[in-house]
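The structure under discussion appears below in the form of structure tokens.
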Amino acid sequence: MDILDLMKKRRSIRKYQDRQIDRKDLEKIIEAGLYAPNAGGGQRARIIAVHNRALTAQIGRLNLARFDRSRLAGGYVSAEQPSNIDDPTIKNGFYGAPAVCIIFGARNFLYSVPDAFCCAENMVLEAAHLGIASCIVARGEETFDNEAGAALLKKWGIPDTETARCFVILGYCDGRYPQVKPRKEDRFMIID
Ligand SMILES: Cc1cc2nc3c(=O)[nH]c(=O)nc-3n(C[C@H](O)[C@H](O)[C@H](O)COP(=O)(O)O)c2cc1C
């Protein structure tokens with residue numbers, strides 16, 4: 001598929017089947033993340049992939065534990081694929097996805113957030129290319145800022161100098177895959 005068509009087709013999915021993704025596909029998605037543009041060519045972002053349904057759900061609950069609804073700006077994210085903002089009854093930040101990639105970056109590096117999201121973008125595009133549904137999820141630092149989260153980081157050998165910047169959840173879309181979303185107008189200008 002043409003790359004621009006793929007970009008348009010990719011949507012954030014928040015309804016997942018139970019079916020796990022294949023390890024080979026997960027490895028390709030990780031590889032796409034590792035080839036993302038990165039500040040200064042430093043290749044600093046680190047990816048931990050959780051290919052385990054129960055552990056993904058556990059981290060997804062931690063992701064939402066400190067979600068502060070009082071600071072929401074209003075409006076809805078998606079009627080077809082409701083987010084935690086849209087539906088307060090959703091109790092898992094990973095929406096039942098069977099796998100998640102956690103992208104870590106240095107706490108004190110100015111560009112570790114953009115580095116992580118560049119990785120995430122490459123990963124969701126590769127996932128779409130493979131027919132795998134995905135969604136980028138935020139609140140990396142808060143997710144592990146608790147006893148259970150800290151224990152996982154220790155187990156995985158993540159140094160204190162690094163923190164989770166974002167997540168890419170992965171799985172297969174349950175139900176109808178959303179259509180291409182129209183773009184708002186007047187968002188660009190070409191100067192000759
Ligand atoms: C920086 C960033 C943070 C995001 N965080 C979340 C999140 O925490 N939870 C979620 O459900 N979606 C999250 N998303 C997905 C967006 O809600 C989604 O991309 C947006 O609504 C546009 O929909 P689309 O991806 O289907 O085109 C995030 C996306 C970006 C780029």
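Identifiers for the structure tokens are assigned positionally: chains receive A, B, ... in sequence, residues are indexed from 1 per chain, and ligands are indexed from 1 in the order shown.
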
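Listed by chain and then residue number, the contacts of ligand 1 are A:Arg10, A:Arg11, A:Ser12, A:Ile13, A:Arg14, A:Val77, A:Ser78, A:Ser83, A:Asn84, A:Gly93, A:Phe117, A:Cys135, A:Ile136, A:Val137, A:Ala138, A:Arg139, A:Lys181 (distance at most 7 Å, using only C-alpha atoms and all ligand atoms).
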
Which of region 22-97 of chain A fall in helix (DSSP H, G or I), as JSON, numbers by chain: {"A": [23, 24, 25, 26, 27, 28, 29, 30, 31, 32, 33, 34, 39, 40, 41, 53, 54, 55, 56, 57, 58, 59, 60, 61, 62, 63, 64, 65, 69, 70, 71]}

Coordinates-based distance that separates CA of Gln17 (chain A) from CA of Cys173 (chain A) (Å, one decimal): 6.1 Å

Selection near Leu55 (chain A), 12 Å with only C-alpha atoms, sequence-local residues under 6 positions removed, as a VMD selection string: chain A and resid 49 61 to 62 94 96 to 101 148 to 149 152

Region 119-127 of chain A environment, 9 Å, only C-alpha atoms, sequence neighbours closer than 2 positions dropped, as a PyMOL selection string: chain A and resi 3+6-7+10-12+25-26+28-38+45+47+101+103+114-117+129-136+166-170

Just the selected residues (N, CA and C atoms), exported as a tab-separated table (two decimals), in the first residue's frame, please.
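And here's again.tsv as it stands now:
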```
chain	number	residue	atom	x	y	z
A	3	ILE	N	2.42	4.63	1.01
A	3	ILE	CA	2.68	5.05	2.40
A	3	ILE	C	1.67	6.10	2.88
A	6	LEU	N	-1.52	4.39	3.72
A	6	LEU	CA	-1.35	3.67	5.00
A	6	LEU	C	-1.50	4.65	6.18
A	7	MET	N	-0.91	5.82	6.02
A	7	MET	CA	-1.01	6.83	7.09
A	7	MET	C	-2.45	7.24	7.32
A	10	ARG	N	-4.46	4.17	9.02
A	10	ARG	CA	-4.15	3.87	10.43
A	10	ARG	C	-5.02	4.68	11.37
A	11	ARG	N	-5.67	4.00	12.29
A	11	ARG	CA	-6.48	4.69	13.29
A	11	ARG	C	-6.11	4.16	14.68
A	12	SER	N	-6.44	4.92	15.70
A	12	SER	CA	-6.21	4.46	17.07
A	12	SER	C	-7.35	3.53	17.46
A	25	ASP	N	5.76	-10.62	14.04
A	25	ASP	CA	5.20	-9.29	13.75
A	25	ASP	C	5.64	-8.28	14.81
A	26	LEU	N	5.63	-8.73	16.07
A	26	LEU	CA	6.08	-7.84	17.15
A	26	LEU	C	7.53	-7.40	16.90
A	28	LYS	N	9.05	-7.10	14.08
A	28	LYS	CA	9.09	-6.12	12.97
A	28	LYS	C	8.67	-4.73	13.48
A	29	ILE	N	7.66	-4.71	14.33
A	29	ILE	CA	7.17	-3.43	14.87
A	29	ILE	C	8.25	-2.78	15.74
A	30	ILE	N	8.95	-3.59	16.51
A	30	ILE	CA	10.06	-3.07	17.33
A	30	ILE	C	11.15	-2.52	16.41
A	31	GLU	N	11.45	-3.27	15.36
A	31	GLU	CA	12.50	-2.84	14.42
A	31	GLU	C	12.14	-1.48	13.81
A	32	ALA	N	10.85	-1.31	13.48
A	32	ALA	CA	10.41	-0.02	12.93
A	32	ALA	C	10.68	1.10	13.94
A	33	GLY	N	10.43	0.83	15.21
A	33	GLY	CA	10.69	1.83	16.24
A	33	GLY	C	12.17	2.17	16.34
A	34	LEU	N	13.00	1.14	16.22
A	34	LEU	CA	14.45	1.35	16.36
A	34	LEU	C	15.01	2.17	15.19
A	35	TYR	N	14.30	2.17	14.05
A	35	TYR	CA	14.76	2.93	12.87
A	35	TYR	C	14.15	4.32	12.79
A	36	ALA	N	13.49	4.76	13.85
A	36	ALA	CA	12.89	6.10	13.83
A	36	ALA	C	13.97	7.18	13.84
A	37	PRO	N	13.63	8.36	13.31
A	37	PRO	CA	14.55	9.49	13.47
A	37	PRO	C	14.78	9.73	14.95
A	38	ASN	N	15.97	10.18	15.31
A	38	ASN	CA	16.28	10.37	16.74
A	38	ASN	C	17.27	11.50	16.91
A	45	ALA	N	16.43	5.92	22.70
A	45	ALA	CA	15.18	5.32	23.18
A	45	ALA	C	15.34	3.80	23.35
A	47	ILE	N	13.14	0.16	24.03
A	47	ILE	CA	11.78	-0.42	23.91
A	47	ILE	C	11.71	-1.72	24.70
A	101	CYS	N	4.17	-2.16	23.77
A	101	CYS	CA	5.59	-1.78	23.74
A	101	CYS	C	5.72	-0.51	24.57
A	103	ILE	N	8.08	2.58	25.65
A	103	ILE	CA	9.25	3.29	25.12
A	103	ILE	C	9.83	4.16	26.22
A	114	PRO	N	10.22	13.68	22.36
A	114	PRO	CA	10.04	13.55	20.91
A	114	PRO	C	10.68	12.29	20.33
A	115	ASP	N	11.84	11.90	20.84
A	115	ASP	CA	12.46	10.65	20.38
A	115	ASP	C	11.49	9.48	20.55
A	116	ALA	N	10.86	9.40	21.73
A	116	ALA	CA	9.97	8.28	22.04
A	116	ALA	C	8.75	8.29	21.12
A	117	PHE	N	8.19	9.47	20.89
A	117	PHE	CA	6.99	9.52	20.04
A	117	PHE	C	7.32	9.31	18.56
A	129	HIS	N	0.65	-1.57	8.62
A	129	HIS	CA	1.13	-2.27	7.42
A	129	HIS	C	0.94	-3.79	7.55
A	130	LEU	N	1.08	-4.29	8.78
A	130	LEU	CA	0.95	-5.73	9.04
A	130	LEU	C	-0.50	-6.14	9.35
A	131	GLY	N	-1.41	-5.16	9.33
A	131	GLY	CA	-2.81	-5.47	9.63
A	131	GLY	C	-3.08	-5.57	11.12
A	132	ILE	N	-2.17	-5.00	11.92
A	132	ILE	CA	-2.32	-5.06	13.38
A	132	ILE	C	-2.81	-3.70	13.87
A	133	ALA	N	-3.78	-3.74	14.78
A	133	ALA	CA	-4.34	-2.51	15.34
A	133	ALA	C	-3.44	-1.99	16.47
A	134	SER	N	-3.50	-0.69	16.68
A	134	SER	CA	-2.62	-0.10	17.69
A	134	SER	C	-3.20	1.20	18.21
A	135	CYS	N	-2.58	1.68	19.28
A	135	CYS	CA	-2.88	3.03	19.78
A	135	CYS	C	-1.68	3.50	20.59
A	136	ILE	N	-1.31	4.74	20.39
A	136	ILE	CA	-0.28	5.35	21.23
A	136	ILE	C	-0.95	5.78	22.54
A	166	CYS	N	6.15	6.75	26.66
A	166	CYS	CA	4.84	6.44	26.06
A	166	CYS	C	4.74	4.95	25.78
A	167	PHE	N	3.57	4.56	25.32
A	167	PHE	CA	3.28	3.15	25.04
A	167	PHE	C	2.70	3.03	23.63
A	168	VAL	N	2.92	1.86	23.03
A	168	VAL	CA	2.18	1.48	21.82
A	168	VAL	C	1.47	0.17	22.14
A	169	ILE	N	0.15	0.22	22.23
A	169	ILE	CA	-0.59	-1.01	22.49
A	169	ILE	C	-0.91	-1.67	21.15
A	170	LEU	N	-0.97	-3.00	21.16
A	170	LEU	CA	-1.07	-3.76	19.91
A	170	LEU	C	-2.03	-4.93	20.03
```

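Distance annotation: of A:Met1, A:Asn63, A:Arg71, A:Ile102, the residue with the minimal separation from Ile90 (chain A) is A:Asn63; atom set is only C-alpha atoms.
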
Minimum-distance residue to Gln81 (chain A), chosen among A:Val113, A:Thr163, A:Gln58, A:Gly175 (using only C-alpha atoms): A:Gly175

All strand (DSSP E or B) residues (DSSP, backbone) inside region 19-168 of chain A, as number ranges by chain: A: 46-50, 99-106, 133-137, 162-168

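Proximity ranking of A:Gly40, A:Pro178, A:Gly140, A:Gly75 relative to Ile59 (chain A) places A:Gly140 first, based on only C-alpha atoms.
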
Nearest candidate to Asn108 (chain A) (options A:Arg53, A:Lys24, A:Arg44, A:Lys9; using only C-alpha atoms): A:Arg44
